[in-house]
>>> print(open('coords_1.tsv').read())   # TSV, C-alpha atoms
chain	number	residue	atom	x	y	z
A	1	MET	CA	-28.84	13.57	1.50
A	2	HIS	CA	-29.10	13.09	5.24
A	3	PRO	CA	-28.19	9.51	6.06
A	4	SER	CA	-29.20	8.18	9.44
A	5	PRO	CA	-26.44	8.56	12.06
A	6	PRO	CA	-24.45	5.47	13.04
A	7	ALA	CA	-25.76	3.39	15.95
A	8	ALA	CA	-22.66	3.78	18.10
A	9	GLN	CA	-19.48	5.79	18.41
A	10	PRO	CA	-16.02	5.52	19.98
A	11	GLN	CA	-15.91	6.48	23.65
A	12	SER	CA	-12.47	8.14	23.76
A	13	PRO	CA	-9.21	8.48	21.83
A	14	ARG	CA	-8.00	5.51	23.88
A	15	ASP	CA	-10.98	3.50	22.62
A	16	LEU	CA	-10.00	4.50	19.07
A	17	PHE	CA	-6.36	3.50	19.63
A	18	LEU	CA	-7.27	0.08	21.02
A	19	SER	CA	-9.97	-0.58	18.43
A	20	PHE	CA	-7.66	0.23	15.54
A	21	THR	CA	-4.83	-1.80	17.05
A	22	TRP	CA	-7.12	-4.82	17.31
A	23	LEU	CA	-8.40	-4.24	13.79
A	24	ALA	CA	-4.90	-3.93	12.31
A	25	LEU	CA	-3.73	-7.12	14.01
A	26	GLN	CA	-6.51	-9.07	12.31
A	27	GLY	CA	-5.66	-7.79	8.86
A	28	PHE	CA	-3.33	-10.19	7.14
A	29	GLY	CA	-2.44	-9.03	3.65
A	30	GLY	CA	-4.31	-5.74	4.06
A	31	VAL	CA	-6.78	-4.21	6.46
A	32	LEU	CA	-9.62	-2.87	4.33
A	33	ALA	CA	-11.89	-5.91	4.57
A	34	ILE	CA	-11.43	-5.92	8.34
A	35	VAL	CA	-12.25	-2.22	8.61
A	36	GLN	CA	-15.57	-2.86	6.91
A	37	ARG	CA	-16.41	-5.82	9.15
A	38	GLU	CA	-15.36	-4.18	12.44
A	39	MET	CA	-16.37	-0.54	11.95
A	40	VAL	CA	-19.60	-1.07	10.04
A	41	GLU	CA	-20.92	-4.48	11.05
A	42	LYS	CA	-19.63	-5.07	14.57
A	43	LYS	CA	-19.03	-1.70	16.25
A	44	LYS	CA	-21.45	0.24	14.02
A	45	TRP	CA	-19.36	3.38	14.20
A	46	LEU	CA	-20.13	3.93	10.50
A	47	THR	CA	-23.22	3.29	8.42
A	48	PRO	CA	-22.55	1.43	5.15
A	49	GLU	CA	-23.24	4.67	3.25
A	50	GLN	CA	-20.69	6.58	5.33
A	51	PHE	CA	-18.17	3.82	4.83
A	52	LEU	CA	-18.52	3.99	1.04
A	53	GLU	CA	-18.24	7.75	0.95
A	54	ASP	CA	-15.27	7.83	3.33
A	55	TRP	CA	-13.56	5.04	1.45
A	56	ALA	CA	-13.86	6.85	-1.88
A	57	VAL	CA	-12.22	9.93	-0.38
A	58	ALA	CA	-9.55	7.90	1.48
A	59	GLN	CA	-8.68	6.21	-1.79
A	60	VAL	CA	-8.39	9.35	-3.83
A	61	MET	CA	-6.22	11.14	-1.29
A	62	PRO	CA	-2.52	10.29	-1.32
A	63	GLY	CA	-1.26	8.02	1.43
A	64	PRO	CA	-2.16	4.57	2.68
A	65	ASN	CA	-5.93	4.12	2.25
A	66	VAL	CA	-6.71	2.51	5.57
A	67	ILE	CA	-4.55	5.03	7.42
A	68	ASN	CA	-6.48	7.83	5.73
A	69	LEU	CA	-9.75	6.15	6.63
A	70	GLY	CA	-8.72	5.81	10.29
A	71	LEU	CA	-7.60	9.42	10.29
A	72	MET	CA	-10.99	10.56	9.00
A	73	ILE	CA	-12.96	8.46	11.50
A	74	GLY	CA	-10.79	9.60	14.42
A	75	ASP	CA	-11.00	13.23	13.32
A	76	ARG	CA	-14.79	13.08	13.12
A	77	TYR	CA	-15.22	12.17	16.79
A	78	PHE	CA	-12.23	13.67	18.60
A	79	GLY	CA	-10.56	16.06	16.15
A	80	LEU	CA	-6.79	15.92	15.81
A	81	ARG	CA	-6.38	13.83	18.98
A	82	GLY	CA	-8.74	11.21	17.61
A	83	ALA	CA	-7.01	11.19	14.22
A	84	LEU	CA	-3.62	10.67	15.86
A	85	ALA	CA	-4.98	7.96	18.17
A	86	ALA	CA	-6.47	6.00	15.28
A	87	VAL	CA	-3.34	6.23	13.11
A	88	ALA	CA	-1.02	5.39	16.02
A	89	GLY	CA	-3.21	2.41	16.90
A	90	MET	CA	-3.03	1.07	13.39
A	91	LEU	CA	0.76	1.37	13.21
A	92	ALA	CA	2.40	0.93	16.62
A	93	ILE	CA	1.89	-2.72	17.57
A	94	PRO	CA	1.86	-4.05	13.97
A	95	LEU	CA	5.23	-2.32	13.47
A	96	VAL	CA	6.69	-4.27	16.39
A	97	VAL	CA	5.25	-7.50	15.01
A	98	ILE	CA	6.61	-6.92	11.53
A	99	LEU	CA	10.09	-6.05	12.81
A	100	ALA	CA	10.15	-9.24	14.83
A	101	LEU	CA	9.19	-11.15	11.68
A	102	ALA	CA	11.88	-9.38	9.65
A	103	VAL	CA	14.57	-10.20	12.21
A	104	LEU	CA	13.39	-13.79	12.35
A	105	TYR	CA	13.46	-13.90	8.58
A	106	ALA	CA	16.98	-12.42	8.40
A	107	HIS	CA	18.09	-15.17	10.79
A	108	TYR	CA	16.84	-17.85	8.42
A	109	ALA	CA	17.36	-16.02	5.12
A	110	GLY	CA	20.41	-18.17	4.39
A	111	ASN	CA	18.15	-21.18	4.42
A	112	PRO	CA	17.20	-21.71	0.75
A	113	GLN	CA	13.81	-23.13	1.69
A	114	VAL	CA	12.89	-20.00	3.66
A	115	ALA	CA	14.09	-17.78	0.82
A	116	ALA	CA	12.06	-19.89	-1.62
A	117	ALA	CA	8.99	-19.77	0.62
A	118	LEU	CA	9.17	-15.99	0.68
A	119	ARG	CA	9.65	-15.94	-3.07
A	120	GLY	CA	6.44	-17.91	-3.37
A	121	MET	CA	4.67	-15.45	-1.09
A	122	GLY	CA	6.06	-12.59	-3.16
A	123	ALA	CA	4.55	-14.08	-6.29
A	124	VAL	CA	1.24	-14.44	-4.46
A	125	SER	CA	1.26	-10.86	-3.18
A	126	GLY	CA	1.85	-9.62	-6.72
A	127	GLY	CA	-1.24	-11.54	-7.78
A	128	LEU	CA	-3.24	-10.19	-4.81
A	129	ILE	CA	-2.58	-6.60	-5.74
A	130	ALA	CA	-3.24	-7.09	-9.43
A	131	ALA	CA	-6.55	-8.75	-8.51
A	132	THR	CA	-7.50	-5.78	-6.33
A	133	GLY	CA	-7.18	-3.67	-9.45
A	134	ILE	CA	-8.98	-6.16	-11.70
A	135	LYS	CA	-11.93	-6.28	-9.27
A	136	LEU	CA	-12.37	-2.51	-9.65
A	137	VAL	CA	-12.54	-2.61	-13.46
A	138	PRO	CA	-16.35	-3.22	-13.64
A	139	GLN	CA	-16.86	-0.01	-11.61
A	140	LEU	CA	-15.50	1.90	-14.58
A	141	ARG	CA	-18.50	0.93	-16.75
A	142	LYS	CA	-20.43	3.78	-15.13
A	143	HIS	CA	-17.61	6.26	-15.71
A	144	PRO	CA	-18.47	9.56	-17.46
A	145	LEU	CA	-15.65	9.04	-19.99
A	146	GLY	CA	-17.06	5.69	-21.09
A	147	PHE	CA	-15.61	2.23	-20.56
A	148	ALA	CA	-13.36	2.20	-23.64
A	149	ALA	CA	-11.62	5.45	-22.71
A	150	CYS	CA	-11.10	4.11	-19.18
A	151	LEU	CA	-9.47	0.95	-20.53
A	152	ALA	CA	-7.23	3.11	-22.70
A	153	PHE	CA	-6.15	5.18	-19.68
A	154	MET	CA	-5.48	1.98	-17.73
A	155	ALA	CA	-3.37	0.57	-20.56
A	156	LEU	CA	-1.47	3.83	-20.86
A	157	VAL	CA	-0.59	3.79	-17.16
A	158	PHE	CA	0.41	0.13	-17.32
A	159	VAL	CA	2.73	0.65	-20.31
A	160	ALA	CA	4.25	3.81	-18.82
A	161	ILE	CA	5.07	2.06	-15.52
A	162	VAL	CA	5.88	-1.52	-16.56
A	163	VAL	CA	7.38	-1.13	-20.03
A	164	LEU	CA	8.78	2.41	-20.11
A	165	LYS	CA	9.56	2.44	-16.34
A	166	MET	CA	8.63	6.11	-16.09
A	167	PRO	CA	8.68	7.84	-12.68
A	168	LEU	CA	5.27	7.68	-11.03
A	169	GLY	CA	5.00	11.45	-10.54
A	170	TRP	CA	5.04	12.14	-14.27
A	171	VAL	CA	2.57	9.38	-15.01
A	172	LEU	CA	0.10	10.69	-12.42
A	173	LEU	CA	0.58	14.28	-13.46
A	174	VAL	CA	0.24	13.73	-17.22
A	175	VAL	CA	-2.17	10.80	-17.55
A	176	GLY	CA	-4.09	11.65	-14.35
A	177	GLY	CA	-4.21	15.32	-15.32
A	178	VAL	CA	-5.65	14.59	-18.76
A	179	ALA	CA	-8.19	12.15	-17.27
A	180	CYS	CA	-9.35	14.68	-14.64
A	181	VAL	CA	-9.68	17.59	-17.07
A	182	TRP	CA	-11.55	15.46	-19.60
A	183	THR	CA	-13.85	14.19	-16.84
A	184	TRP	CA	-14.43	17.76	-15.69
A	185	LYS	CA	-15.67	18.63	-19.20
A	186	ARG	CA	-17.97	15.61	-19.32
A	187	ILE	CA	-19.78	15.92	-15.98
A	188	PRO	CA	-22.61	18.39	-15.33
A	189	ALA	CA	-21.71	21.57	-13.49
B	190	MET	CA	25.22	-6.51	1.75
B	191	SER	CA	27.10	-3.44	2.98
B	192	ILE	CA	26.74	0.09	1.70
B	193	ALA	CA	27.97	3.56	2.66
B	194	MET	CA	25.26	6.12	3.47
B	195	GLN	CA	26.25	9.78	3.88
B	196	TRP	CA	23.99	12.26	5.60
B	197	HIS	CA	22.96	13.70	2.25
B	198	ASP	CA	21.97	10.19	1.13
B	199	TRP	CA	19.63	9.92	4.12
B	200	LEU	CA	18.25	13.34	3.32
B	201	ALA	CA	17.69	12.32	-0.29
B	202	LEU	CA	15.95	9.14	0.89
B	203	PHE	CA	13.73	11.19	3.20
B	204	GLY	CA	12.93	13.64	0.40
B	205	GLN	CA	12.12	10.82	-2.03
B	206	TYR	CA	9.69	9.24	0.44
B	207	MET	CA	8.07	12.61	1.18
B	208	LEU	CA	7.55	12.99	-2.56
B	209	LEU	CA	6.21	9.46	-2.95
B	210	SER	CA	3.89	10.11	-0.03
B	211	LEU	CA	2.17	12.85	-2.01
B	212	LEU	CA	2.09	10.66	-5.11
B	213	SER	CA	0.70	7.58	-3.39
B	214	ILE	CA	-2.82	7.95	-4.70
B	215	SER	CA	-4.76	4.78	-3.96
B	216	GLY	CA	-2.28	3.55	-1.40
B	217	ALA	CA	1.44	3.33	-0.72
B	218	ILE	CA	1.59	0.05	-2.62
B	219	THR	CA	1.20	1.88	-5.94
B	220	THR	CA	4.56	3.57	-5.33
B	221	VAL	CA	6.34	0.19	-5.17
B	222	PRO	CA	7.58	0.36	-8.78
B	223	ASP	CA	9.06	3.78	-8.13
B	224	MET	CA	10.64	2.67	-4.85
B	225	HIS	CA	12.21	-0.23	-6.72
B	226	ARG	CA	13.54	2.14	-9.36
B	227	TYR	CA	15.00	4.42	-6.67
B	228	LEU	CA	16.33	1.97	-4.04
B	229	VAL	CA	17.47	-0.96	-6.16
B	230	ALA	CA	18.08	0.18	-9.73
B	231	GLN	CA	19.31	3.74	-9.26
B	232	ASN	CA	21.11	3.78	-5.88
B	233	GLY	CA	21.80	0.12	-5.12
B	234	TRP	CA	20.87	0.56	-1.45
B	235	LEU	CA	18.83	-2.65	-1.40
B	236	THR	CA	19.22	-5.93	-3.26
B	237	ASP	CA	16.34	-7.20	-5.35
B	238	ALA	CA	15.80	-9.98	-2.80
B	239	GLN	CA	15.70	-7.53	0.14
B	240	PHE	CA	13.24	-5.37	-1.73
B	241	SER	CA	10.86	-8.21	-2.59
B	242	SER	CA	11.11	-9.77	0.87
B	243	SER	CA	10.23	-6.42	2.50
B	244	VAL	CA	7.02	-6.35	0.51
B	245	ALA	CA	6.31	-10.05	0.99
B	246	ILE	CA	6.86	-10.00	4.77
B	247	ALA	CA	4.58	-6.97	5.10
B	248	GLN	CA	1.93	-8.76	3.03
B	249	ALA	CA	2.22	-11.84	5.20
B	250	ALA	CA	2.19	-9.95	8.50
B	251	PRO	CA	-0.89	-8.40	10.09
B	252	GLY	CA	-1.36	-4.65	9.79
B	253	PRO	CA	-1.55	-2.02	7.06
B	254	ASN	CA	0.43	-2.79	3.91
B	255	VAL	CA	2.30	0.50	4.28
B	256	LEU	CA	4.55	-1.18	6.85
B	257	PHE	CA	6.59	-2.57	3.96
B	258	VAL	CA	8.01	0.96	3.85
B	259	ALA	CA	9.28	0.52	7.40
B	260	LEU	CA	11.04	-2.69	6.40
B	261	MET	CA	12.70	-1.01	3.42
B	262	GLY	CA	14.09	1.72	5.68
B	263	TRP	CA	15.10	-0.92	8.21
B	264	ASN	CA	17.00	-2.87	5.53
B	265	VAL	CA	18.71	0.23	4.12
B	266	GLY	CA	19.85	1.03	7.68
B	267	LEU	CA	21.09	-2.51	8.26
B	268	ASN	CA	23.02	-2.41	5.00
B	269	ALA	CA	24.53	0.95	5.96
B	270	GLY	CA	25.57	-0.55	9.30
B	271	GLY	CA	27.30	-3.52	7.67
B	272	GLY	CA	24.44	-6.05	7.82
B	273	ILE	CA	22.43	-7.51	10.66
B	274	GLY	CA	25.44	-9.55	11.82
B	275	ALA	CA	27.30	-6.33	12.72
B	276	GLY	CA	25.30	-6.00	15.92
B	277	PHE	CA	24.27	-2.83	17.69
B	278	PRO	CA	25.43	-0.17	15.16
B	279	ALA	CA	23.50	-1.93	12.40
B	280	TRP	CA	20.39	-2.21	14.59
B	281	ALA	CA	20.59	1.46	15.52
B	282	LEU	CA	20.91	2.45	11.87
B	283	GLY	CA	18.07	0.09	11.07
B	284	PHE	CA	15.78	1.95	13.47
B	285	PHE	CA	17.01	5.23	12.05
B	286	GLY	CA	16.29	4.10	8.49
B	287	LEU	CA	12.86	2.87	9.52
B	288	THR	CA	12.07	6.25	11.05
B	289	VAL	CA	13.29	8.11	7.94
B	290	THR	CA	11.14	6.15	5.50
B	291	MET	CA	8.04	5.87	7.72
B	292	VAL	CA	7.94	9.55	8.71
B	293	GLY	CA	8.71	10.43	5.08
B	294	ILE	CA	5.86	8.33	3.68
B	295	MET	CA	3.33	9.27	6.40
B	296	LEU	CA	3.77	12.95	7.21
B	297	PRO	CA	2.93	14.72	3.93
B	298	SER	CA	-0.02	12.49	3.00
B	299	THR	CA	-1.65	12.44	6.43
B	300	THR	CA	-1.28	16.20	6.81
B	301	LEU	CA	-2.75	16.78	3.37
B	302	THR	CA	-5.54	14.26	3.95
B	303	TYR	CA	-6.39	15.80	7.30
B	304	PHE	CA	-6.96	19.26	5.86
B	305	ALA	CA	-8.22	18.21	2.44
B	306	THR	CA	-10.90	15.84	3.73
B	307	ARG	CA	-12.27	18.61	5.92
B	308	TRP	CA	-12.36	20.91	2.92
B	309	GLY	CA	-13.60	18.21	0.53
B	310	HIS	CA	-16.41	17.23	2.84
B	311	ARG	CA	-17.69	20.80	2.94
B	312	ASN	CA	-17.39	21.06	-0.88
B	313	ARG	CA	-18.28	17.55	-2.00
B	314	THR	CA	-20.85	18.68	-4.57
B	315	ARG	CA	-18.43	20.97	-6.40
B	316	ARG	CA	-17.65	20.05	-9.99
B	317	GLU	CA	-13.86	19.99	-9.59
B	318	VAL	CA	-14.05	17.75	-6.54
B	319	ARG	CA	-16.18	15.24	-8.42
B	320	ALA	CA	-13.99	15.53	-11.56
B	321	PHE	CA	-10.88	14.71	-9.52
B	322	LYS	CA	-12.49	11.75	-7.75
B	323	GLN	CA	-13.87	10.23	-10.95
B	324	GLY	CA	-11.05	11.23	-13.28
B	325	MET	CA	-8.42	9.47	-11.19
B	326	ALA	CA	-10.39	6.20	-11.08
B	327	PRO	CA	-9.09	4.55	-14.30
B	328	VAL	CA	-5.55	5.76	-13.52
B	329	VAL	CA	-5.71	4.21	-10.06
B	330	VAL	CA	-6.97	0.89	-11.41
B	331	GLY	CA	-4.22	0.78	-14.06
B	332	LEU	CA	-1.67	1.58	-11.40
B	333	LEU	CA	-2.79	-1.29	-9.17
B	334	ILE	CA	-2.48	-3.81	-11.99
B	335	ALA	CA	0.95	-2.42	-12.97
B	336	THR	CA	2.06	-2.70	-9.34
B	337	GLY	CA	1.02	-6.34	-9.13
B	338	TRP	CA	2.94	-6.99	-12.34
B	339	VAL	CA	6.14	-5.32	-11.13
B	340	LEU	CA	5.96	-7.22	-7.83
B	341	ALA	CA	5.42	-10.54	-9.56
B	342	ALA	CA	8.28	-9.84	-11.98
B	343	GLY	CA	10.73	-8.86	-9.21
B	344	ASN	CA	10.80	-12.34	-7.72
B	345	HIS	CA	12.60	-14.28	-10.39
B	346	ALA	CA	15.82	-15.36	-8.72
B	347	GLY	CA	15.39	-19.06	-7.88
B	348	ASP	CA	16.24	-22.28	-9.69
B	349	ALA	CA	12.67	-23.06	-10.74
B	350	PRO	CA	11.63	-21.87	-14.22
B	351	ALA	CA	10.27	-18.33	-14.31
B	352	TRP	CA	6.94	-19.40	-15.75
B	353	HIS	CA	6.18	-21.22	-12.49
B	354	LEU	CA	6.20	-17.87	-10.67
B	355	TRP	CA	4.09	-16.20	-13.33
B	356	LEU	CA	1.68	-19.12	-13.11
B	357	LEU	CA	1.45	-18.70	-9.32
B	358	SER	CA	0.90	-14.93	-9.59
B	359	GLY	CA	-1.67	-15.39	-12.33
B	360	ALA	CA	-3.52	-18.13	-10.48
B	361	THR	CA	-3.58	-15.98	-7.34
B	362	ALA	CA	-5.02	-13.03	-9.22
B	363	LEU	CA	-7.68	-15.28	-10.71
B	364	ILE	CA	-8.62	-16.81	-7.34
B	365	VAL	CA	-8.78	-13.46	-5.54
B	366	TRP	CA	-10.82	-12.00	-8.36
B	367	ARG	CA	-13.30	-14.88	-8.49
B	368	THR	CA	-13.61	-16.12	-4.89
B	369	ARG	CA	-13.85	-14.79	-1.34
B	370	ILE	CA	-11.17	-17.07	0.10
B	371	HIS	CA	-9.14	-15.58	2.97
B	372	LEU	CA	-5.90	-14.11	1.63
B	373	LEU	CA	-3.92	-15.85	4.33
B	374	TRP	CA	-4.59	-19.24	2.72
B	375	LEU	CA	-3.12	-17.99	-0.54
B	376	LEU	CA	-0.01	-16.59	1.11
B	377	GLY	CA	0.39	-19.89	2.96
B	378	ALA	CA	0.03	-21.80	-0.30
B	379	GLY	CA	2.66	-19.55	-1.90
B	380	ALA	CA	5.07	-20.20	0.97
B	381	LEU	CA	4.45	-23.95	0.73
B	382	LEU	CA	4.96	-24.02	-3.06
B	383	GLY	CA	8.19	-22.09	-2.55
B	384	ALA	CA	9.43	-24.37	0.23
B	385	VAL	CA	8.86	-27.54	-1.81
B	386	GLY	CA	10.76	-26.05	-4.75
B	387	PHE	CA	7.96	-25.33	-7.21
B	388	VAL	CA	8.89	-21.66	-7.49
>>> encode(input="coords_1.tsv", output="structure tokens")
Amino acid sequence: MHPSPPAAQPQSPRDLFLSFTWLALQGFGGVLAIVQREMVEKKKWLTPEQFLEDWAVAQVMPGPNVINLGLMIGDRYFGLRGALAAVAGMLAIPLVVILALAVLYAHYAGNPQVAAALRGMGAVSGGLIAATGIKLVPQLRKHPLGFAACLAFMALVFVAIVVLKMPLGWVLLVVGGVACVWTWKRIPA
Amino acid sequence: MSIAMQWHDWLALFGQYMLLSLLSISGAITTVPDMHRYLVAQNGWLTDAQFSSSVAIAQAAPGPNVLFVALMGWNVGLNAGGGIGAGFPAWALGFFGLTVTMVGIMLPSTTLTYFATRWGHRNRTRREVRAFKQGMAPVVVGLLIATGWVLAAGNHAGDAPAWHLWLLSGATALIVWRTRIHLLWLLGAGALLGAVGFV
């Protein structure tokens, strides 16, 4: 497959740094949706096909997804310098902002209303992340292991983490290992 | 809260985050349950409230979610320095803690991703590459749902009945799943419901 090249590209590592800083500062509660809008629709540094392919890889690799995605985009145009510029852009200024918020919060943490407000936001963020997972469930209908087996693997992971409180490493190694080997047997060579 | 951190404790913290970095398939957020187990339950370096607020502040703030890791390190450092009221030593340790956890969570995964994506791109049609990508999918989805559950469950410390919080988490999940509303509205609604004493 030879997809058409994107319509534009970053001009320099500095361009990457600034673009990713701007992108990160727009992303409240996560950056992925903003990456798609900025990189694909506005700047056109990526075609939609490239975005999907890169995103799949960024998600499967360990590490923060959007950081991995930035790393891959930066690397494509300017090698290691580009990768570093993109990652630094995504982290530097947002880190300052979040520290300021944390200090502000610590100042008012004694205030029961502030503590309660944050508790409410905590409950919401739990729901946000669960929903991110739930939204991906339909994708598993096309899975080579079949939908039922996928649901069983999901349930196994959930019970291991939530009920049995097993360390993540073992869960990934054992359940993930079985899932990968079984998938390997099911897909064509 | 005040704790004593020896140099080997910092080293252990760094090692744990390096390990979690390599395990953070589908994002750093999926390692939250394990971070809770390590920081709160096992070592007592953070209180439950500090842990949840680190995640909640990072969710509310702009930027990648992984910055919650910076706040955890920051809070461990503050605790080691005698709390934020202790002034400069606590701040310095806070920055040190932040550096330990952020470098720990970033360095292994970004290095691996950098080299692996180059290799994977050249070999993307190979059977084992495809088996890994597809085989991990149901595990990753299960992990995300488990993470949401652990986060929602970690909040129960207020006066309001616990089912109010579960209701809020559940309603949020439903709304995010079914609509395209901006997440900021939901976080704002959560803050408001908290402030007026519903949760």
>>> residues_around(input="coords_1.tsv", residues="region 243-248 of chain B", least_positions_apart="3", cutoff="8 Å", atoms="all atoms listed in the file", output="PyMOL selection string")
(chain A and resi 28-30+98+101-102+118-119+121-122+125) or (chain B and resi 239-240+251-252+254-258+260-261)
>>> write_last_selection(input="coords_1.tsv", atoms="C-alpha atoms", output="short mmCIF file (atom, residue, chain, number, x, y, z; two decimals), in the coordinates of the input")
data_model
loop_
_atom_site.label_atom_id
_atom_site.label_comp_id
_atom_site.auth_asym_id
_atom_site.auth_seq_id
_atom_site.Cartn_x
_atom_site.Cartn_y
_atom_site.Cartn_z
CA PHE A 28 -3.33 -10.19 7.14
CA GLY A 29 -2.44 -9.03 3.65
CA GLY A 30 -4.31 -5.74 4.06
CA ILE A 98 6.61 -6.92 11.53
CA LEU A 101 9.19 -11.15 11.68
CA ALA A 102 11.88 -9.38 9.65
CA LEU A 118 9.17 -15.99 0.68
CA ARG A 119 9.65 -15.94 -3.07
CA MET A 121 4.67 -15.45 -1.09
CA GLY A 122 6.06 -12.59 -3.16
CA SER A 125 1.26 -10.86 -3.18
CA GLN B 239 15.70 -7.53 0.14
CA PHE B 240 13.24 -5.37 -1.73
CA PRO B 251 -0.89 -8.40 10.09
CA GLY B 252 -1.36 -4.65 9.79
CA ASN B 254 0.43 -2.79 3.91
CA VAL B 255 2.30 0.50 4.28
CA LEU B 256 4.55 -1.18 6.85
CA PHE B 257 6.59 -2.57 3.96
CA VAL B 258 8.01 0.96 3.85
CA LEU B 260 11.04 -2.69 6.40
CA MET B 261 12.70 -1.01 3.42
#
>>> atom_distance(input="coords_1.tsv", atom1="CA of Gln231 (chain B)", atom2="CA of Gly262 (chain B)")
16.0 Å
>>> atom_distance(input="coords_1.tsv", atom1="CA of Ala275 (chain B)", atom2="CA of Phe203 (chain B)")
24.1 Å
>>> atom_distance(input="coords_1.tsv", atom1="CA of Val103 (chain A)", atom2="CA of Ala249 (chain B)")
14.3 Å
>>> residues_around(input="coords_1.tsv", residues="Trp280 (chain B)", least_positions_apart="2", cutoff="10 Å", atoms="all atoms listed in the file", output="ChimeraX atom specification")
/B:263-264,266-268,270-278,282-286
>>> closest_residue(input="coords_1.tsv", among="B:His371, B:Lys322, B:Arg315, B:His353", to="Gly176 (chain A)", atoms="all atoms listed in the file")
B:Lys322
>>> closest_residue(input="coords_1.tsv", among="A:Ile93, A:Leu16, A:Leu69, A:Leu46", to="Arg81 (chain A)", atoms="all atoms listed in the file")
A:Leu16
>>> residues_near_point(input="coords_1.tsv", point="(-9.7, 22.0, -16.4)", cutoff="12 Å", atoms="all atoms listed in the file", output="number ranges by chain")
A: 176-187; B: 316-318, 320-321, 324
>>> residues_around(input="coords_1.tsv", residues="Ala160 (chain A)", least_positions_apart="4", cutoff="12 Å", atoms="all atoms listed in the file", output="tab-separated table (two decimals) with C-alpha atoms, in the frame of the given file")
chain	number	residue	atom	x	y	z
A	153	PHE	CA	-6.15	5.18	-19.68
A	154	MET	CA	-5.48	1.98	-17.73
A	155	ALA	CA	-3.37	0.57	-20.56
A	156	LEU	CA	-1.47	3.83	-20.86
A	164	LEU	CA	8.78	2.41	-20.11
A	165	LYS	CA	9.56	2.44	-16.34
A	166	MET	CA	8.63	6.11	-16.09
A	167	PRO	CA	8.68	7.84	-12.68
A	168	LEU	CA	5.27	7.68	-11.03
A	169	GLY	CA	5.00	11.45	-10.54
A	170	TRP	CA	5.04	12.14	-14.27
A	171	VAL	CA	2.57	9.38	-15.01
A	172	LEU	CA	0.10	10.69	-12.42
A	174	VAL	CA	0.24	13.73	-17.22
A	175	VAL	CA	-2.17	10.80	-17.55
B	222	PRO	CA	7.58	0.36	-8.78
B	223	ASP	CA	9.06	3.78	-8.13
B	328	VAL	CA	-5.55	5.76	-13.52
B	331	GLY	CA	-4.22	0.78	-14.06
B	332	LEU	CA	-1.67	1.58	-11.40
B	335	ALA	CA	0.95	-2.42	-12.97
B	336	THR	CA	2.06	-2.70	-9.34
>>> closest_residue(input="coords_1.tsv", among="B:Met207, B:Ile294, B:Val229, B:Ala362", to="Ala123 (chain A)", atoms="all atoms listed in the file")
B:Ala362
>>> closest_residue(input="coords_1.tsv", among="B:Thr314, B:Thr368, B:Ser298, B:Thr290", to="chain A", atoms="only C-alpha atoms")
B:Ser298
>>> closest_residue(input="coords_1.tsv", among="B:Val292, B:Ala269, B:Ile370, B:Leu209", to="chain A", atoms="all atoms listed in the file")
B:Leu209
>>> axis_aligned_box(input="coords_1.tsv", around="region 232-244 of chain B", padding_each_side="4 Å", output="AutoDock Vina command-line options")
--center_x 14.4 --center_y -3.1 --center_z -1.7 --size_x 22.8 --size_y 21.8 --size_z 16.4
>>> closest_residue(input="coords_1.tsv", among="B:Ile218, B:Met325, B:Ala360, B:Ala259", to="Gly293 (chain B)", atoms="all atoms listed in the file")
B:Ala259
>>> residues_around(input="coords_1.tsv", residues="Leu71 (chain A)", least_positions_apart="4", cutoff="12 Å", atoms="only C-alpha atoms", output="VMD selection string")
(chain A and resid 13 16 to 17 20 54 to 55 57 to 58 61 63 to 67 75 to 91) or (chain B and resid 295 298 to 307)
